[in-house]
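Engineer: mmCIF, C-alpha atoms, file protein_15.cif:
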```cif
data_target
loop_
_atom_site.label_atom_id
_atom_site.label_comp_id
_atom_site.auth_asym_id
_atom_site.auth_seq_id
_atom_site.Cartn_x
_atom_site.Cartn_y
_atom_site.Cartn_z
CA MET A 12 110.23 70.41 139.84
CA THR A 13 113.78 69.50 138.85
CA SER A 14 116.08 72.51 138.54
CA VAL A 15 117.94 73.02 135.27
CA HIS A 16 121.70 72.69 135.56
CA THR A 17 123.55 75.78 134.33
CA PRO A 18 127.07 74.83 133.21
CA PRO A 19 129.88 77.09 134.43
CA ARG A 20 131.13 79.86 132.20
CA PHE A 21 134.59 79.75 130.63
CA GLY A 22 136.49 82.88 129.71
CA VAL A 23 139.79 84.66 129.85
CA ASN A 24 141.41 87.66 131.44
CA TYR A 25 141.95 89.85 128.39
CA VAL A 26 145.52 91.04 127.88
CA PRO A 27 145.70 93.00 124.60
CA SER A 28 148.18 91.55 122.10
CA GLY A 29 151.16 93.61 121.04
CA ASP A 30 150.93 96.50 123.50
CA TRP A 31 149.85 94.66 126.68
CA PHE A 32 147.79 96.93 128.99
CA TYR A 33 149.69 99.93 127.64
CA SER A 34 147.09 99.59 124.89
CA TRP A 35 144.83 101.78 127.04
CA LEU A 36 147.07 104.77 126.25
CA SER A 37 146.13 104.55 122.57
CA PRO A 38 143.88 101.58 121.73
CA ARG A 39 144.47 99.86 118.38
CA TRP A 40 140.89 98.93 117.62
CA ASP A 41 141.58 96.58 114.73
CA ALA A 42 143.99 94.57 116.90
CA ILE A 43 141.54 94.50 119.82
CA ARG A 44 138.77 93.32 117.50
CA ARG A 45 141.01 90.52 116.20
CA ASP A 46 141.94 89.51 119.74
CA LEU A 47 138.34 89.28 120.87
CA ASP A 48 137.19 87.44 117.74
CA ALA A 49 140.00 84.91 118.31
CA ILE A 50 138.97 84.42 121.95
CA ALA A 51 135.39 83.77 120.87
CA ALA A 52 136.56 81.41 118.11
CA LEU A 53 138.31 79.35 120.79
CA GLY A 54 134.85 78.65 122.22
CA LEU A 55 135.10 80.92 125.27
CA ASP A 56 132.14 82.98 126.42
CA HIS A 57 133.48 86.01 128.34
CA VAL A 58 136.40 88.31 128.99
CA ARG A 59 137.51 90.21 132.06
CA ILE A 60 138.49 93.76 131.05
CA LEU A 61 141.16 95.51 133.13
CA PRO A 62 141.66 99.23 132.36
CA LEU A 63 144.51 101.13 134.02
CA TRP A 64 143.61 103.37 136.95
CA PRO A 65 145.96 106.31 136.14
CA VAL A 66 144.60 106.40 132.59
CA LEU A 67 141.03 106.51 133.85
CA GLN A 68 141.54 108.91 136.77
CA PRO A 69 144.77 110.92 136.43
CA ASN A 70 143.53 113.45 138.98
CA ARG A 71 141.53 112.70 142.09
CA THR A 72 138.61 114.83 140.90
CA TRP A 73 138.84 114.10 137.15
CA ILE A 74 137.76 110.86 135.49
CA ARG A 75 138.51 111.09 131.78
CA PRO A 76 135.39 110.69 129.60
CA GLU A 77 137.59 109.49 126.73
CA ALA A 78 138.97 106.67 128.88
CA LEU A 79 135.48 105.59 129.92
CA ALA A 80 134.48 105.64 126.25
CA ASP A 81 137.44 103.39 125.43
CA VAL A 82 136.34 100.86 128.06
CA ARG A 83 132.84 100.93 126.62
CA ARG A 84 134.14 100.36 123.11
CA VAL A 85 136.17 97.32 124.20
CA ALA A 86 133.01 95.99 125.87
CA GLU A 87 131.01 96.63 122.70
CA LEU A 88 133.61 94.79 120.60
CA ALA A 89 133.43 91.90 123.05
CA GLY A 90 129.67 91.84 122.60
CA ALA A 91 130.02 91.93 118.83
CA ALA A 92 132.25 88.86 119.09
CA GLY A 93 129.59 87.09 121.15
CA LEU A 94 131.40 87.46 124.47
CA GLY A 95 130.10 88.56 127.84
CA PHE A 96 132.34 90.88 129.81
CA SER A 97 133.17 92.04 133.30
CA VAL A 98 135.16 95.17 134.18
CA ASP A 99 137.65 95.84 136.97
CA ALA A 100 137.88 99.32 138.46
CA VAL A 101 141.07 99.94 140.48
CA GLN A 102 144.12 98.79 138.46
CA GLY A 103 146.02 98.87 140.64
CA HIS A 104 148.47 96.07 140.10
CA LEU A 105 149.11 93.92 137.04
CA SER A 106 151.90 91.51 136.15
CA SER A 107 154.27 92.79 138.88
CA PHE A 108 153.76 96.49 138.05
CA ASP A 109 151.81 98.94 140.19
CA PHE A 110 149.59 101.44 138.39
CA VAL A 111 148.81 104.03 141.04
CA PRO A 112 147.94 107.61 140.06
CA SER A 113 150.38 110.34 141.00
CA TRP A 114 147.92 111.85 143.46
CA LEU A 115 148.57 108.84 145.72
CA THR A 116 152.36 108.81 145.65
CA SER A 117 155.45 110.78 146.63
CA TRP A 118 154.58 114.28 147.87
CA HIS A 119 150.88 113.42 147.66
CA ARG A 120 151.11 110.03 149.35
CA ARG A 121 147.86 109.03 151.05
CA ASN A 122 146.40 105.73 152.17
CA LEU A 123 144.36 104.02 149.47
CA PHE A 124 142.11 102.30 152.03
CA THR A 125 141.65 104.84 154.82
CA ASP A 126 141.94 108.40 153.50
CA PRO A 127 138.33 109.59 153.09
CA SER A 128 139.01 111.74 150.02
CA VAL A 129 140.87 108.87 148.31
CA VAL A 130 138.13 106.37 149.10
CA ASP A 131 135.50 108.78 147.80
CA ALA A 132 137.47 109.19 144.58
CA GLN A 133 137.65 105.43 144.09
CA ALA A 134 133.92 105.11 144.74
CA GLU A 135 133.31 107.74 142.06
CA LEU A 136 135.46 105.73 139.64
CA VAL A 137 133.53 102.55 140.40
CA ALA A 138 130.23 104.35 139.82
CA SER A 139 131.48 105.94 136.60
CA LEU A 140 132.68 102.64 135.14
CA HIS A 141 129.41 100.94 135.99
CA GLY A 142 127.55 103.82 134.41
CA ALA A 143 129.70 103.59 131.27
CA VAL A 144 129.01 99.91 130.54
CA GLY A 145 126.18 98.70 132.77
CA ASP A 146 123.52 99.09 130.09
CA LEU A 147 125.30 96.88 127.55
CA PRO A 148 124.08 93.34 126.88
CA GLY A 149 126.54 90.78 128.14
CA TYR A 150 127.57 92.83 131.19
CA LEU A 151 128.60 90.37 133.91
CA GLY A 152 129.31 92.94 136.59
CA LEU A 153 132.11 94.91 138.12
CA THR A 154 135.11 93.88 140.23
CA LEU A 155 136.45 96.56 142.57
CA GLY A 156 139.99 95.97 141.40
CA ASN A 157 142.71 93.44 140.76
CA GLU A 158 144.18 92.09 144.00
CA VAL A 159 144.17 95.53 145.59
CA ASN A 160 144.74 93.85 148.95
CA GLN A 161 148.42 93.49 147.98
CA PHE A 162 148.84 97.21 148.74
CA SER A 163 147.83 96.67 152.38
CA SER A 164 150.62 94.46 153.69
CA ARG A 165 153.86 92.67 152.88
CA PRO A 166 155.32 91.74 150.46
CA HIS A 167 154.50 95.17 148.99
CA PRO A 168 157.62 97.37 149.40
CA SER A 169 155.63 100.36 150.67
CA PRO A 170 152.30 99.12 152.01
CA MET A 171 149.36 101.29 152.99
CA PRO A 172 148.29 99.73 156.29
CA ALA A 173 144.68 99.02 157.17
CA THR A 174 142.89 97.14 159.90
CA PRO A 175 140.38 94.40 159.05
CA ALA A 176 137.57 96.82 159.95
CA GLU A 177 139.03 99.46 157.64
CA ALA A 178 139.41 96.91 154.85
CA GLY A 179 135.75 95.96 155.23
CA ALA A 180 134.68 99.60 155.25
CA TRP A 181 136.68 100.21 152.05
CA ILE A 182 134.99 97.29 150.28
CA THR A 183 131.56 98.37 151.46
CA ARG A 184 132.02 101.99 150.39
CA LEU A 185 133.07 101.02 146.87
CA MET A 186 130.39 98.36 146.47
CA ASP A 187 127.72 100.78 147.62
CA ALA A 188 128.65 102.97 144.64
CA VAL A 189 127.15 100.31 142.33
CA PRO A 190 123.35 100.20 142.68
CA ASP A 191 122.82 96.98 140.77
CA GLY A 192 124.55 94.27 138.81
CA PRO A 193 126.96 91.67 140.17
CA ARG A 194 129.60 93.24 142.42
CA VAL A 195 132.81 91.39 143.26
CA HIS A 196 135.84 91.96 145.46
CA ALA A 197 139.00 90.13 144.33
CA ALA A 198 142.06 89.39 146.48
CA TYR A 199 145.27 87.43 146.13
CA ASP A 200 145.75 84.52 148.50
CA ALA A 201 147.31 86.31 151.48
CA LEU A 202 143.67 86.84 152.43
CA TRP A 203 143.34 83.09 153.03
CA TYR A 204 146.84 82.15 154.15
CA GLN A 205 148.64 85.04 155.90
CA ASP A 206 147.89 85.37 159.61
CA SER A 207 148.36 89.11 159.90
CA HIS A 208 146.83 90.16 156.59
CA PRO A 209 144.12 92.84 157.06
CA PHE A 210 141.86 91.44 154.33
CA GLU A 211 140.22 88.36 155.82
CA PRO A 212 138.36 85.30 154.47
CA GLU A 213 135.03 86.78 155.49
CA HIS A 214 135.69 89.77 153.23
CA ALA A 215 135.97 87.48 150.21
CA SER A 216 133.14 85.14 151.13
CA ARG A 217 130.52 87.54 152.50
CA TYR A 218 130.92 90.85 150.65
CA GLY A 219 129.45 91.31 147.19
CA ASP A 220 127.41 88.95 145.06
CA LEU A 221 130.01 86.30 144.20
CA THR A 222 133.22 85.04 145.78
CA ALA A 223 136.27 85.55 143.56
CA VAL A 224 139.19 83.14 143.92
CA HIS A 225 142.67 83.65 142.45
CA SER A 226 144.73 80.45 142.40
CA TRP A 227 148.47 80.44 141.75
CA ILE A 228 150.62 77.44 142.66
CA PHE A 229 153.93 79.30 142.97
CA ASN A 230 152.80 80.37 146.46
CA GLY A 231 154.60 77.39 148.04
CA THR A 232 152.28 74.66 146.75
CA ALA A 233 154.35 73.67 143.72
CA GLN A 234 157.64 74.19 145.55
CA HIS A 235 156.58 71.98 148.46
CA TYR A 236 154.62 69.23 146.70
CA GLY A 237 155.62 69.40 143.02
CA ALA A 238 154.02 71.27 140.16
CA MET A 239 151.92 68.34 138.89
CA SER A 240 151.15 66.89 142.31
CA GLY A 241 147.64 66.39 143.62
CA PRO A 242 147.88 69.46 145.88
CA SER A 243 148.96 71.61 142.93
CA VAL A 244 146.25 70.54 140.49
CA ARG A 245 143.67 70.69 143.30
CA HIS A 246 144.80 74.04 144.71
CA ALA A 247 142.02 76.01 143.00
CA GLU A 248 139.42 73.44 144.09
CA TYR A 249 140.72 73.71 147.66
CA LEU A 250 140.51 77.50 147.65
CA MET A 251 136.97 77.38 146.32
CA GLU A 252 135.87 74.95 149.02
CA LEU A 253 137.75 77.00 151.61
CA SER A 254 135.84 80.09 150.53
CA ARG A 255 132.55 78.26 151.09
CA ALA A 256 133.50 77.48 154.68
CA PHE A 257 133.45 81.21 155.45
CA ALA A 258 130.31 82.02 153.45
CA LEU A 259 127.00 82.56 155.18
CA ASP A 260 125.34 80.61 152.36
CA ARG A 261 127.17 77.56 151.01
CA SER A 262 125.32 77.92 147.70
CA ARG A 263 126.90 81.35 147.10
CA PRO A 264 128.48 81.30 143.61
CA VAL A 265 132.28 81.05 143.44
CA TRP A 266 134.14 82.53 140.47
CA LEU A 267 137.58 81.12 139.73
CA GLN A 268 138.56 84.51 138.39
CA GLU A 269 142.25 83.80 137.92
CA ILE A 270 144.12 80.58 137.39
CA GLY A 271 147.15 80.09 135.18
CA ALA A 272 149.97 77.70 134.37
CA PRO A 273 153.13 79.52 135.55
CA LEU A 274 156.32 78.32 133.92
CA ASN A 275 158.43 79.32 136.90
CA VAL A 276 157.24 76.03 138.45
CA LEU A 277 155.83 74.11 135.46
CA THR A 278 157.54 73.10 132.22
CA PRO A 279 155.96 74.03 128.87
CA ASP A 280 155.13 70.36 128.28
CA GLN A 281 153.31 70.17 131.63
CA ALA A 282 151.20 73.30 131.14
CA PRO A 283 148.37 71.81 129.01
CA ALA A 284 147.97 68.85 131.36
CA PHE A 285 147.97 71.15 134.39
CA CYS A 286 145.28 73.24 132.71
CA ARG A 287 143.04 70.25 132.08
CA GLU A 288 143.49 68.63 135.50
CA SER A 289 143.11 71.82 137.52
CA VAL A 290 139.98 72.89 135.64
CA LEU A 291 138.38 69.46 136.03
CA ALA A 292 139.14 69.59 139.75
CA ALA A 293 137.61 73.06 140.04
CA ALA A 294 134.54 71.92 138.12
CA SER A 295 133.86 69.33 140.82
CA CYS A 296 132.78 72.23 143.07
CA ASP A 297 129.00 72.52 142.76
CA ALA A 298 129.11 76.28 143.49
CA LEU A 299 131.39 77.07 140.52
CA TRP A 300 130.09 80.08 138.57
CA GLY A 301 132.88 80.13 136.01
CA VAL A 302 136.57 79.85 135.20
CA THR A 303 138.49 82.82 133.77
CA TRP A 304 141.98 81.80 132.69
CA TRP A 305 144.98 84.07 133.12
CA CYS A 306 145.48 85.17 130.46
CA SER A 307 144.60 85.67 126.80
CA HIS A 308 147.91 86.75 125.22
CA ASP A 309 151.58 86.48 126.16
CA VAL A 310 153.38 89.71 127.03
CA PRO A 311 155.55 90.50 123.98
CA ARG A 312 159.28 90.26 124.58
CA HIS A 313 160.05 93.75 123.32
CA LEU A 314 158.56 95.03 126.58
CA ALA A 315 161.14 95.12 129.35
CA ASP A 316 161.36 94.25 133.05
CA PHE A 317 158.53 91.74 133.28
CA PRO A 318 159.10 88.54 135.26
CA GLU A 319 159.91 85.79 132.77
CA LEU A 320 156.70 83.87 133.40
CA GLU A 321 154.59 86.85 132.22
CA HIS A 322 155.86 86.25 128.67
CA THR A 323 154.40 82.72 128.72
CA LEU A 324 151.00 82.78 130.48
CA GLY A 325 148.75 83.38 127.47
CA LEU A 326 146.44 81.01 125.66
CA PHE A 327 147.74 82.82 122.56
CA ASP A 328 151.29 83.91 121.90
CA ALA A 329 152.10 87.58 121.43
CA ASP A 330 151.31 87.28 117.70
CA GLY A 331 147.87 85.83 118.31
CA VAL A 332 148.64 82.19 117.50
CA VAL A 333 146.81 79.66 119.67
CA LYS A 334 149.22 77.76 121.91
CA PRO A 335 148.82 74.14 123.09
CA ILE A 336 147.48 75.39 126.42
CA GLY A 337 144.85 77.41 124.54
CA LYS A 338 143.66 74.27 122.82
CA ALA A 339 143.70 72.41 126.14
CA PHE A 340 141.57 75.07 127.87
CA ALA A 341 139.07 75.12 125.02
CA ALA A 342 138.82 71.32 125.11
CA VAL A 343 138.30 71.07 128.88
CA ALA A 344 135.70 73.86 128.71
CA ARG A 345 133.72 71.82 126.16
CA GLU A 346 134.08 68.73 128.33
CA VAL A 347 132.84 70.41 131.50
CA ARG A 348 129.92 72.12 129.74
CA ALA A 349 128.74 68.74 128.51
CA SER A 350 129.09 67.03 131.90
CA PRO A 351 126.34 66.54 134.50
CA PRO A 352 126.43 68.68 137.63
CA PRO A 353 128.76 67.43 140.38
CA PRO A 354 127.18 65.81 143.42
CA THR A 355 126.99 67.61 146.75
CA ARG A 356 129.91 66.95 149.08
CA THR A 357 129.08 64.93 152.18
CA VAL A 358 132.49 64.87 153.91
CA ALA A 359 134.19 67.93 155.38
CA VAL A 360 137.44 68.80 157.12
CA GLU A 361 136.83 70.95 160.18
CA ILE A 362 138.67 74.25 160.70
CA ALA A 363 139.27 74.83 164.40
CA GLN A 364 138.54 78.13 166.12
CA PRO A 365 140.08 80.54 166.88
CA LEU A 366 141.33 80.66 163.33
CA ARG A 367 145.02 80.62 162.50
CA ARG A 368 145.18 81.28 158.78
CA SER A 369 148.64 79.79 158.31
CA THR A 370 147.15 76.36 159.08
CA LEU A 371 145.04 76.78 155.93
CA ALA A 372 148.13 77.38 153.79
CA PRO A 373 149.99 74.81 151.69
CA GLY A 374 151.65 72.38 154.09
CA GLY A 375 149.47 73.51 156.99
CA SER A 376 147.40 71.09 159.04
CA VAL A 377 144.05 71.98 157.45
CA PHE A 378 145.46 71.97 153.93
CA THR A 379 147.15 68.62 154.60
CA ALA A 380 144.02 66.98 156.02
CA TRP A 381 141.94 68.16 153.06
CA MET A 382 144.47 66.96 150.49
CA GLU A 383 144.83 63.59 152.20
CA ALA A 384 141.05 63.15 152.13
CA ALA A 385 140.99 64.16 148.45
CA ASP A 386 143.69 61.60 147.70
CA ARG A 387 141.43 58.95 149.27
CA GLY A 388 138.68 59.96 146.86
CA GLU A 389 136.42 61.48 149.53
CA ARG A 390 135.70 64.82 147.73
CA PRO A 391 135.99 66.85 150.95
CA ALA A 392 134.46 70.19 151.76
CA LEU A 393 135.67 72.46 154.58
CA THR A 394 133.65 73.72 157.50
CA LEU A 395 134.24 76.08 160.42
CA ALA A 396 133.94 74.51 163.85
CA GLY A 397 130.62 75.54 165.35
CA SER A 398 129.18 76.77 162.05
CA GLY A 399 126.20 74.44 162.08
CA ASP A 400 126.99 73.10 158.60
CA VAL A 401 125.68 69.55 158.23
CA PHE A 402 127.83 66.81 156.67
CA ASP A 403 127.66 63.03 156.93
CA THR A 404 131.28 62.93 158.10
CA VAL A 405 133.43 65.66 159.66
CA LEU A 406 137.17 65.02 159.76
CA PRO A 407 139.47 66.82 162.19
CA ALA A 408 142.62 68.37 160.81
CA SER A 409 145.37 66.23 162.27
CA ALA A 410 148.02 68.10 164.26
CA GLN A 411 145.68 71.07 164.35
CA GLY A 412 147.58 74.35 164.49
CA VAL A 413 150.52 73.36 162.31
CA PRO A 414 151.27 76.29 159.96
CA GLY A 415 152.01 75.90 156.27
CA VAL A 416 154.90 76.90 154.04
CA TYR A 417 153.28 80.03 152.60
CA SER A 418 155.18 82.48 154.80
CA ALA A 419 158.44 80.64 154.15
CA VAL A 420 158.26 81.28 150.40
CA SER A 421 160.20 84.32 149.29
CA ASP A 422 158.25 87.53 148.73
CA SER A 423 159.00 87.48 145.00
CA GLU A 424 157.62 83.93 144.71
CA MET A 425 154.50 84.40 146.83
CA PHE A 426 153.64 87.70 145.18
CA ASP A 427 151.58 86.59 142.24
CA GLY A 428 152.72 89.28 139.83
#
```
How would this structure read if it were set down as structure tokens?

Structural biologist:
Amino acid sequence: MTSVHTPPRFGVNYVPSGDWFYSWLSPRWDAIRRDLDAIAALGLDHVRILPLWPVLQPNRTWIRPEALADVRRVAELAGAAGLGFSVDAVQGHLSSFDFVPSWLTSWHRRNLFTDPSVVDAQAELVASLHGAVGDLPGYLGLTLGNEVNQFSSRPHPSPMPATPAEAGAWITRLMDAVPDGPRVHAAYDALWYQDSHPFEPEHASRYGDLTAVHSWIFNGTAQHYGAMSGPSVRHAEYLMELSRAFALDRSRPVWLQEIGAPLNVLTPDQAPAFCRESVLAAASCDALWGVTWWCSHDVPRHLADFPELEHTLGLFDADGVVKPIGKAFAAVAREVRASPPPPTRTVAVEIAQPLRRSTLAPGGSVFTAWMEAADRGERPALTLAGSGDVFDTVLPASAQGVPGVYSAVSDSEMFDG
């Protein structure tokens, strides 16, 4: 029997218009309804909802019922607009700002990943959020948090150290709090590229029900190769294939949970083309579950102290008007949905063991070998040496062991905001 091809989903990380994520302090329901209706009208099918941790759980032993009700109402409005939704738990970090409750800072400072009482509190939050929305139609599952791994190592100014074993235990404890439904752990790309980072590729590719990938080209890729270069428009595709090399099952779904067109390396005229080309490249991965663009709405300029690019990342401007990149994302989503499934990859670049993650980074030997093969039209996968994966052709990474430029990029550039 021939299996039925399920096209990937296309959605957006929902940033409320007007008040940004400060909207959670006092939601303006009419504005939220308009936002979600506009997202659906663009032809998208889901939103990622990101409530703020201190609003949800201002005290370690108190999760506010009113805040949970607000998350549920946003989810219900998404459903009324015809959108599926996912929810993140530990926020954590958004757009260069940390949102950590006071019971984790200053006089009460404790380690987010290793203090048993803190981990238990986070697990209770995860369970409470799942309980608040898990019965709603359109529920696509729960992500533990937004790039929480950035708290564990540089470039965070005051990291909370963890070992790889402790990072894995933290993920497991929080995921175990959700009895059913898709569970996801999301990390920024230090997990793939930074040698000493405590969150490791196996954490992304083997924990939970999907692999989440966050792709940002200001991590050294655009600076080294050019913003519209092949390596830049293929960066998300590369990360997705890299994630599959570490998975125990190569058919495991991969969610491109964040990708955006940052104007600190792109020009406004380049952004729509970057959107189209990068999404088409990602859609050539036959494990793609969906693409969730960052983000829905620009941060309004009356809000202070944001990095400049945060005011420009939306598919809509701060007043809710669709931008050219919004039209480009809607168009490429229609194109991909109507396309046949991509063929299985038969060529792979081999990753030598023991692993040195900096060789996977932009400019590194593995990254370079993969991009060179892609430029030749070979549609390469990636595979770990000794994994037993079967490909028609396995290419060595030339000059194996050469590190990339990731660690040479300044902390402010490599930190995805």

Engineer: Hey, what comes out of the PyMOL selection byres ((chain A and resi 380) around 10) on this file? Could you write it as a PyMOL selection string?

Structural biologist: chain A and resi 359-361+371+374-379+381-386+391+406-411

Engineer: Could you list, with a cut-off of 10 Å and counting all atoms listed in the file, the residues of stretch 214-237 of chain A near stretch 164-180 of chain A, each shown with its nearest atom pair and the distance in Å rounded to one decimal, rows sorted by chain and ascending number, as a Markdown table?

Structural biologist:
```
| residue | atom | partner | partner_atom | distance |
| --- | --- | --- | --- | --- |
| A:His214 | CA | A:Gly179 | CA | 6.5 |
| A:Ala215 | CA | A:Gly179 | CA | 9.9 |
| A:Tyr218 | CA | A:Gly179 | CA | 8.4 |
```

Engineer: Which value, in Å to one decimal, gives the distance between atom CA of A:His225 and atom CA of A:Thr404?

Structural biologist: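 About the pair atom CA of A:His225 and atom CA of A:Thr404: they are 28.4 Å apart.
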
Engineer: Might you pull out every residue within 10 Å of A:Ser216, with only C-alpha atoms counted and same-chain residues fewer than 3 positions away left off, and present them as a ChimeraX atom specification?

Structural biologist: /A:196,211-213,219-224,251,253-261,263-265

Engineer: So, with all atoms listed in the file as the atoms that count, which of A:Leu299, A:Ile362, A:Val244, A:Val195 lies closest to A:Val98?

Structural biologist: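 Ranked by minimum distance to A:Val98, first place goes to A:Val195.
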
Engineer: Near A:Ala342, counting all atoms listed in the file, which residues have an atom at most 9 Å away, once you skip same-chain residues fewer than 4 positions from it, shown as a PyMOL selection string?

Structural biologist: chain A and resi 54+287+337-338+346-347

Engineer: Find the residues around stretch 229-238 of chain A up to 12 Å (only C-alpha atoms counted), leave out those fewer than 4 positions away in its own chain, and share them as a PyMOL selection string.

Structural biologist: chain A and resi 199-201+203-205+225+242-247+249+270-282+284-286+288-289+320+371-375+378-379+382+415-428

Engineer: From the options A:Leu153, A:Leu67, A:Cys296, A:Val144, which residue's atoms come nearest to A:Val189, counting only C-alpha atoms?

Structural biologist: A:Leu153

Engineer: Using all atoms listed in the file, pick whichever of A:Ser28, A:Thr355, A:Gln161, A:Ser37 has the shortest atom-to-atom distance to A:Gly103.

Structural biologist: A:Gln161

Engineer: Could you work out how far atom CA of A:Arg59 lies from atom CA of A:Arg345, giving the answer in Å with one decimal?

Structural biologist: 19.7 Å

Engineer: What separation in Å, quoted to one decimal, exists between atom CA of A:Asp48 and atom CA of A:Gly90?

Structural biologist: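 Here the two named atoms are 10.0 Å from each other.
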
Engineer: Working from the structure I just supplied, which lacks atoms in stretch 79-90 of chain A, can you model N, CA, C and O atoms there and output them as a compact mmCIF listing (two decimals), keeping the file's coordinate frame?

Structural biologist:
```
# COMPACT_ATOMS: atom_id res chain seq x y z
N LEU A 79 136.71 106.36 129.71
CA LEU A 79 135.48 105.59 129.92
C LEU A 79 134.91 105.13 128.58
O LEU A 79 134.42 104.00 128.45
N ALA A 80 134.97 106.00 127.58
CA ALA A 80 134.48 105.64 126.25
C ALA A 80 135.29 104.49 125.65
O ALA A 80 134.75 103.61 124.96
N ASP A 81 136.61 104.48 125.92
CA ASP A 81 137.44 103.39 125.43
C ASP A 81 137.05 102.06 126.08
O ASP A 81 137.01 101.01 125.41
N VAL A 82 136.78 102.08 127.39
CA VAL A 82 136.34 100.86 128.06
C VAL A 82 135.03 100.37 127.45
O VAL A 82 134.85 99.18 127.18
N ARG A 83 134.12 101.32 127.22
CA ARG A 83 132.84 100.93 126.62
C ARG A 83 133.04 100.32 125.23
O ARG A 83 132.40 99.33 124.88
N ARG A 84 133.95 100.88 124.46
CA ARG A 84 134.14 100.36 123.11
C ARG A 84 134.72 98.95 123.15
O ARG A 84 134.33 98.08 122.36
N VAL A 85 135.66 98.69 124.07
CA VAL A 85 136.17 97.32 124.20
C VAL A 85 135.02 96.37 124.56
O VAL A 85 134.91 95.27 124.01
N ALA A 86 134.16 96.82 125.49
CA ALA A 86 133.01 95.99 125.87
C ALA A 86 132.08 95.76 124.68
O ALA A 86 131.55 94.65 124.50
N GLU A 87 131.86 96.79 123.87
CA GLU A 87 131.01 96.63 122.70
C GLU A 87 131.63 95.65 121.69
O GLU A 87 130.92 94.84 121.09
N LEU A 88 132.95 95.73 121.51
CA LEU A 88 133.61 94.79 120.60
C LEU A 88 133.53 93.37 121.14
O LEU A 88 133.39 92.41 120.36
N ALA A 89 133.61 93.23 122.47
CA ALA A 89 133.43 91.90 123.05
C ALA A 89 132.03 91.39 122.74
O ALA A 89 131.85 90.22 122.34
N GLY A 90 131.03 92.25 122.91
CA GLY A 90 129.67 91.84 122.60
C GLY A 90 129.48 91.47 121.14
O GLY A 90 128.79 90.51 120.82
```
